[in-house]
Structure formats: C-alpha cells, structure tokens
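Take a look at the structure set out below.
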Amino acid sequence: MPVELNSSGALSGLRVLDLAGRMGGYCGMLLANLGAEVILIEPPAGDPMRREGPFKNDIVHPGGSLSFAGYHTNKKGIVLDLETVQGQTTFRALVANADVLIEDRPPGYLDRIGIGYRALQVIRPSLVLTSITGFGLTGPYRDFKAPNIVAFAMGGLMNLCGQPQRAPLMGPCDVAYHLGSVHAAFGTLVALYNRRFTGRGDHVEVSLQDVLVADPFLRIITRYSVTGEIPERTGHSQSTTVAETYKCKDGYARIFCNQPDHWKRLVEWLGNPAELMDPKLENVQNRHPLRPVLDRIIEARTLTSDAKTFFEEFQSHRLAASPINSPSAFLDDPQTQHRKYVVEVDHSYLGRHRFPGDPYKFSESPWRIERGAPLLGEHQQAITNEFAKSSPWLEALRRSSERASHSLPFAGIRVLSFPTGIVGPALGSLLAEHGAQVITVEAGRTVRSPQRGQRFQIASDLESHRNKKRIAINMKHPEGLALAKRLIALSDVVAENFSARVMASWGLDYPRMKEVREDIIMASLQAFGQTGPRRDFVSFGPILMAFSGMTYLWRDPEVERPGAACQTAFPDYVAPSYGALAILAALHYRAQTGKGQYIDISQAETAASMLGPAFLELLINDREPEPQGNFSPLAAPHGCYRCRGDDRWCVISVETQEEWVRFYEIAGHREWAADPRFVDLPARLANRKELDALVESWTAQHTPHQVMLILQRDGIAAGVVQTAEDLYRDPHLRERGCARDVYLPQVGWVTRAGPSVRLAASDVCRDEIAHSAGEDNEAVFGELLEMSSAQLKDLTAREVLR
C-alpha cells in the first residue's frame, strides 16, 4: 500500500563504533541507513578494502575502491592504532559514550589488547558488543579462518550448488558475509531493546556457520535426522519442481510450478497437449518421469518470445515466472524503478553516484543514505568533539526508571503472524526465538505437501512453528474476522506475507488496522512489495532469485544455462531476516515516539541486497557484473577441490604470501616457490587453472576433513564442503548447541538447528514443544479473550474456529 515517507530514521541518536571489515561491515551500514551514527575506526594504513578492487575507472586510489564503498557508505570515519597505548586510551574514551561496538576480528583479539567485552563492560556497562566471526566464540573450530567460501562450504548449502560431477559452487558476492551481517544487525537491536528495560548491555555473537545452517527452507540437518536423506547436486534448481529454466529469444527465463492449480493453468497455457492430460500428473512426484517431455514442450514455446514478453504473458495467467535478469536488467525493470531502490550519493572522489538501497519502506522512519564512504580519517576532529558527551540513547537510558529482569529479550512483545510458505513462519521464528510471544493465525489444521515425504513434512511444519502459539481461524467468516481484530488490539506487531491484496480483502490493511490499535506495527513481506506494476505477480523463492540478478551471478562460468546452480530458495531465508531487522527498528522507533508504522518489504529487493558490491560495478563503472564461480581476486589458490571419496570436496583460500609459503611446504611442493607462474598473487591469479590442477593433485590424496584440519591448524583457510551427514555429525555445531536433538511426539527424535544469533546476557527461548495448527485455540482465546470452553466449542462447530 502507498505510504508517505516523511520522518527521521528509526535509530536516530544511536551511536555505533565499527571495527568491522568485509565480514561484518554491512552490519554497520544497515544500522547507519536506519538512522544510527556509525563511526568506522580504521588503522593508520586504512581498511584493507581500500586497496582492493574493483576501483572507479580501474584506477587504484584509496578513495576509489568500490568494495570499500559497498560496505562503508553512510558511515563517518576516524583513524586509531589499537596496537598502541594511545590508540587504546582514545578508544576507551569513545566507548564510554557509545551504545554499540561492532567487530569481526579473530576471536580473542580484543581481549589480547585489553579491550574485550569484560574490560569494556567496566567502562560502559550498557554497551552492546556485536561480534561477527566465521565459527563463533566457542567450540573446536572457533579459531579457524572463515572467508566467504569456507563459511559457505561449512554451512552445508554449497554441496547442493552446481552441476553433478563438477565442483560445488559458493554463493556470489560475499552472500555469507551479507546474511551474517543482517542477523548481526537484528541481534544488536534485540540487545538494545532488552537494554531499555534492564539497563544492561550484552554481547551479541553471530557465527556465519550458524546462520547458514539455520536456513529454514532446506532444513538440511532436520531432514537428515528424520529421513537419513543426503541431498546431492542434480543439475536442476529444485529437485521437487519439474518446470525451471528455459531458453528464450534473448536469454533465459525461470518457471516454478509445483501446485496443482498452477499445473492445470500451465497445461492449459501449453494448449492441453495429450502427453500432459493424465490427472495423475497433478501430483508433482508423478511428473518426474516426464521431465524431458515437459522441458521440450515448454522450451518450444518460450523460444518464440523474448524473456520479458514471456514473463509478462505467463504471469497474466497467474503463473510464476521471471527472466533470469542480469543485474542491469533488474535495475532497469519497471518494478525496481517504481520502488526507487537505487538512490544517489555524493562522494568527494567517486563523485555523485548511484547506490543500491535497502529492501524495506517505513511509513514513519524511512531509511536514508546521507553520505558516501568516508575518506581516511575524514571525521577525526568532529568525532572527538561529539564524543565528549553521551549519546542521546544513553541519556534517555539514564532518565528511565523502568527496569525489569526478563531473561528473554522483548518479553512482553506480542506478534500476530499471518504466515504462508516459508517466509512467514521463518520471520515469526526469529522473533519467537528471542522471547517475543508469537501467535500464528492459520486457515486450518491439515497441512500436507505432496512433494516432501510426509514424515519430514510434519517435522518441518512443527519446527517452522516452534516456540509459537498456533490458532486456526476461518478468516472468511465475519466472526472469525472479529476474533482476529480483538487479537490485533492486544498485539504490538502484525506480520503477513500473503499476496498483495489478501489482507485488504479481509479489511485488515494498515489504515483499518490502525483503527483497531493506533500504535500497531504492521510488516508486509510480498514477493515484489506492496507497490509497483508487478506487485500482484505470482512468485516463489527461485523466481525472486532469477528476478533480482542472483541466479544470473550464482552459476558456473563454464556452464551456459543459468538456473541450476542453487537448489535452495535463498530469498525464503533472506526476506524474513530483513523482516525481523525492520520490525526491531520499528519497535525502537515506537519506544521513542509512541508511534507505530507500516513496513513494506520486497522479497525481490532483499535478494538483490545480498549483491550490493556487484551492483556498484554497474552503477559506477557501467560494467555488467559476470558470474565468478569460485574465483576470488583476493586469493590464490581459492576454490573447491576434489578430495578422496565419492563426490567429496574441500575449499581452500590462500590470501597472503606467508600463507602461500606455508601451503606449498605442507603440500610437499617447495619447487612451487621457484616457479614464475606462482611467484606472487598476481602471477597465481593469472595461472590459476594450472595452479588449481596442482592443488587438486594434493587434495585428492586426502579426505576433506583431513585437508581442513591440516591447513587450518597452520593458519590457512580451508573447509569441508559439508553434506547433510557431515552437518549432522559436525562436532563444532554439536558442542555449541547449534545442532541439538529434541523429541517431537508426532515424529520422534529430530535434530534442530539454530539459533543464528546468541546473546550472552539473555537466553534464547528453549521451549522444545512444537504445536500443530489450531492446537492453541483454547489457550489463546481462553487466556487472552477470556472465552469459555463452551464458546470455543460452539465456534468450532460452526467452523469459525478450526
């Protein structure tokens, strides 16, 4: 729904110190865009990204790095040498008047130089310290290095990405770093919200491996624990879907068809071919043998049209499709243009340039990008003067007399969720895991999904709604709608992800919801957002990957046909992650102003926001980003290498010359030191195919776990491309409690993954009970609305409740 954006940021007055680089830099930028004052602290030589390309016009300049701009735009910047006494003294003075510190240094580094969490607590007990690492602050792998490719491999998703018999693929554009940073920003705001009532700070811990393992779409660990299944790369985007990627006149398009009504419309669109008329084919499992026939029939049709024309014509039949957009095609699409996803920013070296924004629109506290990335030390004097006094948030904390001793963050916050698919339940789970009371409103008690085994489907449904109350209301019945409104009046947040017109059709759009409760916060997460020419288009996670440019970049450069590189619906995890962050920002704004607001989140834009630095190549250098596979310009060797065993792989990333020396000595090939092809990083990058072949001749002699342990123990980044079984048995995940066994009466013992964010001073919710749809009707309506058992029985008999 259209909203007027006319106020200050949700986090205005919040003061954040930022020690993060590439791994966690996006976290600070998200907070800055939401209104926080974020001060980037760099060493005297500057953040290493200043020396890393790509550069504007390919000219190396400390102010021209697009990578640096991609992570540090909208921040202020100062220089401190934290290895010196003077630098540490100045840093402590800054901490004394700050609210948040973000860091992504190796575990133990801050403690070693005397500015770890315990030391800083003495200076500022209300400080929130957010630590972003590859494997967390505890456990046997805590000191392992985790560049993006290692995190992706150890998180389990990489093993499913790519073609059979070829190397698995990491995600593009540092997506592990980006997703980890979104969860870190969410965790930071959870800790700050809790601080409003306790007065205490907290230590927020985010492990990239934990974040990736907690993917609510694949649920790799849970699936293995229930079925013993080890998914493999299939060469198709989704093993449960027949229709997928097809060639058009000018490129490729993605189709996603896995529901019976969609199948009927697809067959009709194809002209009702005789081969597809058997009613049994309405079940997706029965269509698998027909995949070659179906692909031939569909592609014969798509080849007659360009991708955009096909997209719009196919969608006119209420069928899910999208062109596999390049980044430029996404930015040029009328939907992206309409929603003003790209903004303009001024920078003293880069000039006035375009920059990708954030994927949510707030009716009261819009995000803003007010400045370009800082020059080295640009705000040194100004920050010194500003930090002579406390931040506005600290002053408000001192004035507040309200204190509580809740062990869970935002205990007392009630969220009414109207979920569908993966996104809605996943959003509710992120909030419930940290203490919010989430009530899920569902249509009925029967949940079946023919494309998944029933046992896993039941376990997945239960896990999707753990820590929540589940009620079943007939929303088409006037009395059911009235009950929903009574619950809205008692709730702080309403979240929904139905198609764009559903809530309005029930009379529950935001203006009418405000009539029920003036300060309500409503978050809508639609595929393309609530506004724009494509707001009503049908979509699923793989379609949004195609539309946003993610599919285009997430592929093997040596494979022409895109779309098969990733078997997950990644936006189904990314969108609720941004949704949880946005809701927390709105709760903070309401705590400061008393105002609720409406949040319009585009799932397509959440996927695009994972690709931010790549868009800068296009927006500043006018150069289309291309798929990179497992290549990195920052390391060589860098890639995925075959190991001993059937389809077993490891990843390795050698960044520095010192690491290279240690690597060839460990591999037993000191002759590589004298080889001019490998003398330094530029030479190794230029000859990477030859280098990769030599590296694989060594890794093939070892299991992937051997390679990881041998190299990591000597300070070289390496990881196992983990299968489902590897994740299930991972000693690090088990030690940290990220993989833990729970008993569900409906299916027996199940292994649960999560949480993605840990708070040292606040528990995560450990309610091991998972309810079925409608199971909590009596508890919710009886306790909250004070309805009797007789009333509830009557409502159930008349199918108002289900």
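Starting from 1 in every chain, residues are counted up; chains themselves are A, B, ... following the order of the structure tokens, and ligands are numbered from 1 as listed.
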For this session: List every residue of stretch 90-280 of chain A that DSSP, applied to the backbone of this structure, places in alpha helix (DSSP H), and write the result as a PyMOL selection string.
Result: chain A and resi 90-95+109-112+117-123+148-154+175-198+208-213+220-227+260-269
Neighbour list for A:Ile123 as an mmCIF file with all heavy atoms, in the first residue's frame, cut-off 12 Å, only C-alpha atoms, skip fewer than 2 positions in-chain:
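Saved to selection_17.cif:
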```
data_model
loop_
_atom_site.group_PDB
_atom_site.id
_atom_site.type_symbol
_atom_site.label_atom_id
_atom_site.label_comp_id
_atom_site.auth_asym_id
_atom_site.auth_seq_id
_atom_site.Cartn_x
_atom_site.Cartn_y
_atom_site.Cartn_z
ATOM 1 N N THR A 89 43.710 4.033 24.616
ATOM 2 C CA THR A 89 43.154 5.019 25.543
ATOM 3 C C THR A 89 42.068 5.839 24.870
ATOM 4 O O THR A 89 40.989 6.073 25.449
ATOM 5 C CB THR A 89 44.279 5.947 26.057
ATOM 6 O OG1 THR A 89 45.281 5.158 26.715
ATOM 7 C CG2 THR A 89 43.714 6.981 27.020
ATOM 8 N N PHE A 91 40.316 4.902 22.302
ATOM 9 C CA PHE A 91 39.202 4.002 22.028
ATOM 10 C C PHE A 91 38.322 3.843 23.266
ATOM 11 O O PHE A 91 37.088 3.883 23.177
ATOM 12 C CB PHE A 91 39.749 2.648 21.576
ATOM 13 C CG PHE A 91 38.688 1.620 21.297
ATOM 14 C CD1 PHE A 91 37.936 1.663 20.142
ATOM 15 C CD2 PHE A 91 38.442 0.600 22.212
ATOM 16 C CE1 PHE A 91 36.954 0.718 19.888
ATOM 17 C CE2 PHE A 91 37.472 -0.351 21.971
ATOM 18 C CZ PHE A 91 36.721 -0.296 20.813
ATOM 19 N N ARG A 92 38.927 3.664 24.423
ATOM 20 C CA ARG A 92 38.139 3.514 25.650
ATOM 21 C C ARG A 92 37.314 4.768 25.929
ATOM 22 O O ARG A 92 36.173 4.669 26.403
ATOM 23 C CB ARG A 92 39.069 3.213 26.827
ATOM 24 C CG ARG A 92 39.731 1.835 26.757
ATOM 25 C CD ARG A 92 40.476 1.523 28.054
ATOM 26 N NE ARG A 92 41.175 0.250 27.954
ATOM 27 C CZ ARG A 92 42.467 0.132 27.647
ATOM 28 N NH1 ARG A 92 43.187 1.225 27.408
ATOM 29 N NH2 ARG A 92 43.026 -1.074 27.562
ATOM 30 N N ALA A 93 37.877 5.921 25.631
ATOM 31 C CA ALA A 93 37.128 7.164 25.827
ATOM 32 C C ALA A 93 35.912 7.219 24.904
ATOM 33 O O ALA A 93 34.840 7.706 25.300
ATOM 34 C CB ALA A 93 38.035 8.370 25.583
ATOM 35 N N LEU A 94 36.060 6.720 23.696
ATOM 36 C CA LEU A 94 34.930 6.682 22.767
ATOM 37 C C LEU A 94 33.864 5.702 23.261
ATOM 38 O O LEU A 94 32.670 5.987 23.213
ATOM 39 C CB LEU A 94 35.405 6.283 21.369
ATOM 40 C CG LEU A 94 36.357 7.236 20.647
ATOM 41 C CD1 LEU A 94 36.822 6.626 19.325
ATOM 42 C CD2 LEU A 94 35.685 8.581 20.390
ATOM 43 N N VAL A 95 34.305 4.543 23.749
ATOM 44 C CA VAL A 95 33.368 3.535 24.235
ATOM 45 C C VAL A 95 32.531 4.075 25.393
ATOM 46 O O VAL A 95 31.342 3.744 25.533
ATOM 47 C CB VAL A 95 34.134 2.260 24.665
ATOM 48 C CG1 VAL A 95 33.239 1.323 25.473
ATOM 49 C CG2 VAL A 95 34.669 1.532 23.433
ATOM 50 N N ALA A 96 33.128 4.932 26.224
ATOM 51 C CA ALA A 96 32.424 5.444 27.396
ATOM 52 C C ALA A 96 31.143 6.181 27.038
ATOM 53 O O ALA A 96 30.218 6.272 27.865
ATOM 54 C CB ALA A 96 33.352 6.362 28.200
ATOM 55 N N ASN A 97 31.056 6.700 25.819
ATOM 56 C CA ASN A 97 29.869 7.453 25.415
ATOM 57 C C ASN A 97 29.211 6.862 24.169
ATOM 58 O O ASN A 97 28.529 7.569 23.424
ATOM 59 C CB ASN A 97 30.230 8.921 25.172
ATOM 60 C CG ASN A 97 30.531 9.656 26.458
ATOM 61 O OD1 ASN A 97 29.785 9.535 27.428
ATOM 62 N ND2 ASN A 97 31.640 10.399 26.496
ATOM 63 N N ALA A 98 29.423 5.560 23.940
ATOM 64 C CA ALA A 98 28.830 4.881 22.787
ATOM 65 C C ALA A 98 27.793 3.865 23.255
ATOM 66 O O ALA A 98 27.761 3.455 24.415
ATOM 67 C CB ALA A 98 29.918 4.186 21.975
ATOM 68 N N ASP A 99 26.940 3.465 22.317
ATOM 69 C CA ASP A 99 25.911 2.460 22.598
ATOM 70 C C ASP A 99 26.300 1.074 22.124
ATOM 71 O O ASP A 99 25.977 0.072 22.762
ATOM 72 C CB ASP A 99 24.598 2.850 21.902
ATOM 73 C CG ASP A 99 24.043 4.168 22.397
ATOM 74 O OD1 ASP A 99 23.567 4.197 23.539
ATOM 75 O OD2 ASP A 99 24.107 5.157 21.641
ATOM 76 N N ILE A 115 40.847 -4.746 25.315
ATOM 77 C CA ILE A 115 39.579 -4.053 25.064
ATOM 78 C C ILE A 115 38.491 -5.059 24.689
ATOM 79 O O ILE A 115 37.635 -4.789 23.846
ATOM 80 C CB ILE A 115 39.722 -2.962 23.982
ATOM 81 C CG1 ILE A 115 40.319 -3.543 22.688
ATOM 82 C CG2 ILE A 115 40.544 -1.801 24.487
ATOM 83 C CD1 ILE A 115 40.333 -2.544 21.529
ATOM 84 N N GLY A 116 38.525 -6.235 25.339
ATOM 85 C CA GLY A 116 37.484 -7.231 25.148
ATOM 86 C C GLY A 116 36.211 -6.838 25.882
ATOM 87 O O GLY A 116 36.131 -5.796 26.548
ATOM 88 N N TYR A 117 35.212 -7.718 25.797
ATOM 89 C CA TYR A 117 33.886 -7.383 26.329
ATOM 90 C C TYR A 117 33.921 -7.101 27.831
ATOM 91 O O TYR A 117 33.360 -6.109 28.303
ATOM 92 C CB TYR A 117 32.902 -8.511 26.022
ATOM 93 C CG TYR A 117 31.509 -8.251 26.552
ATOM 94 C CD1 TYR A 117 30.793 -7.117 26.157
ATOM 95 C CD2 TYR A 117 30.920 -9.137 27.453
ATOM 96 C CE1 TYR A 117 29.515 -6.877 26.647
ATOM 97 C CE2 TYR A 117 29.637 -8.901 27.935
ATOM 98 C CZ TYR A 117 28.942 -7.769 27.533
ATOM 99 O OH TYR A 117 27.684 -7.527 28.020
ATOM 100 N N ARG A 118 34.604 -7.927 28.597
ATOM 101 C CA ARG A 118 34.631 -7.726 30.046
ATOM 102 C C ARG A 118 35.301 -6.412 30.408
ATOM 103 O O ARG A 118 34.844 -5.688 31.309
ATOM 104 C CB ARG A 118 35.330 -8.900 30.732
ATOM 105 C CG ARG A 118 34.563 -10.207 30.645
ATOM 106 C CD ARG A 118 35.237 -11.291 31.481
ATOM 107 N NE ARG A 118 34.521 -12.551 31.391
ATOM 108 C CZ ARG A 118 33.448 -12.856 32.084
ATOM 109 N NH1 ARG A 118 32.944 -11.981 32.951
ATOM 110 N NH2 ARG A 118 32.850 -14.028 31.941
ATOM 111 N N ALA A 119 36.387 -6.073 29.724
ATOM 112 C CA ALA A 119 37.070 -4.811 30.007
ATOM 113 C C ALA A 119 36.197 -3.615 29.638
ATOM 114 O O ALA A 119 36.155 -2.610 30.368
ATOM 115 C CB ALA A 119 38.394 -4.758 29.239
ATOM 116 N N LEU A 120 35.482 -3.722 28.529
ATOM 117 C CA LEU A 120 34.646 -2.602 28.106
ATOM 118 C C LEU A 120 33.402 -2.464 28.973
ATOM 119 O O LEU A 120 32.865 -1.364 29.125
ATOM 120 C CB LEU A 120 34.254 -2.786 26.636
ATOM 121 C CG LEU A 120 35.416 -2.790 25.636
ATOM 122 C CD1 LEU A 120 34.900 -2.969 24.214
ATOM 123 C CD2 LEU A 120 36.250 -1.519 25.748
ATOM 124 N N GLN A 121 32.921 -3.575 29.534
ATOM 125 C CA GLN A 121 31.781 -3.513 30.447
ATOM 126 C C GLN A 121 32.078 -2.633 31.658
ATOM 127 O O GLN A 121 31.191 -1.957 32.179
ATOM 128 C CB GLN A 121 31.402 -4.911 30.923
ATOM 129 C CG GLN A 121 30.309 -5.589 30.113
ATOM 130 C CD GLN A 121 29.810 -6.829 30.827
ATOM 131 O OE1 GLN A 121 30.584 -7.660 31.301
ATOM 132 N NE2 GLN A 121 28.496 -6.950 30.907
ATOM 133 N N PRO A 125 28.846 -0.244 31.201
ATOM 134 C CA PRO A 125 28.064 -1.459 31.450
ATOM 135 C C PRO A 125 26.893 -1.650 30.494
ATOM 136 O O PRO A 125 26.437 -2.779 30.309
ATOM 137 C CB PRO A 125 27.568 -1.260 32.890
ATOM 138 C CG PRO A 125 28.534 -0.304 33.507
ATOM 139 C CD PRO A 125 28.943 0.612 32.395
ATOM 140 N N SER A 126 26.415 -0.583 29.884
ATOM 141 C CA SER A 126 25.266 -0.689 28.977
ATOM 142 C C SER A 126 25.682 -0.898 27.526
ATOM 143 O O SER A 126 24.843 -0.874 26.622
ATOM 144 C CB SER A 126 24.401 0.564 29.082
ATOM 145 O OG SER A 126 25.152 1.720 28.757
ATOM 146 N N LEU A 127 26.982 -1.114 27.276
ATOM 147 C CA LEU A 127 27.448 -1.291 25.903
ATOM 148 C C LEU A 127 26.953 -2.613 25.317
ATOM 149 O O LEU A 127 26.975 -3.650 25.982
ATOM 150 C CB LEU A 127 28.978 -1.284 25.865
ATOM 151 C CG LEU A 127 29.607 -1.468 24.471
ATOM 152 C CD1 LEU A 127 29.464 -0.205 23.642
ATOM 153 C CD2 LEU A 127 31.081 -1.880 24.601
ATOM 154 N N GLY A 201 23.954 -3.862 29.112
ATOM 155 C CA GLY A 201 24.394 -4.175 27.761
ATOM 156 C C GLY A 201 24.399 -5.682 27.544
ATOM 157 O O GLY A 201 23.892 -6.454 28.354
#
```
Exercise. How far is it from atom CA of A:Gly25 to atom CA of A:Pro637, in Å with one decimal?
Worked result: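 If I compute the distance from atom CA of A:Gly25 to atom CA of A:Pro637, I get 24.8 Å.
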Problem set entry | Nearest to A:Ser365, chosen from A:Ala585, A:Leu80, A:Leu110, A:Leu681, with only C-alpha atoms counted in the distances |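 Selected residue with least distance to A:Ser365: A:Ala585.
When only C-alpha atoms are used to measure the gap to A:Glu312, the shortest distance among A:Met170, A:His353, A:Phe537, A:Lys485 belongs to A:Phe537.
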For this session: Using DSSP on the backbone coordinates, identify all residues within stretch 128-222 of chain A classified as strand (DSSP E or B); present the result as number ranges by chain.
Result: A: 128-133, 202-207
Problem set entry | Given only C-alpha atoms as the counted atoms, nearest of A:Phe631, A:Phe310, A:Trp672, A:Phe197 to A:Asp250 | A:Phe310
Exercise. Hey, which of A:Ala426, A:Leu727, A:Ile599, A:Val747 ends up closest to A:Phe217? Count only C-alpha atoms.
Worked result: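 The shortest atom-to-atom distance to A:Phe217 comes from A:Ala426.
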Exercise. Quick one: residues within 9 Å of A:Cys640, only C-alpha atoms counted, chain neighbours fewer than 5 positions away excluded, as an NGL selection string?
Worked result: :A and (149 or 167-170 or 630 or 649-652 or 692 or 696 or 721)
For this session: Report the distance between atom CA of A:Gly139 and atom CA of A:His203 in Å, rounded to one decimal place.
Result: 16.9 Å
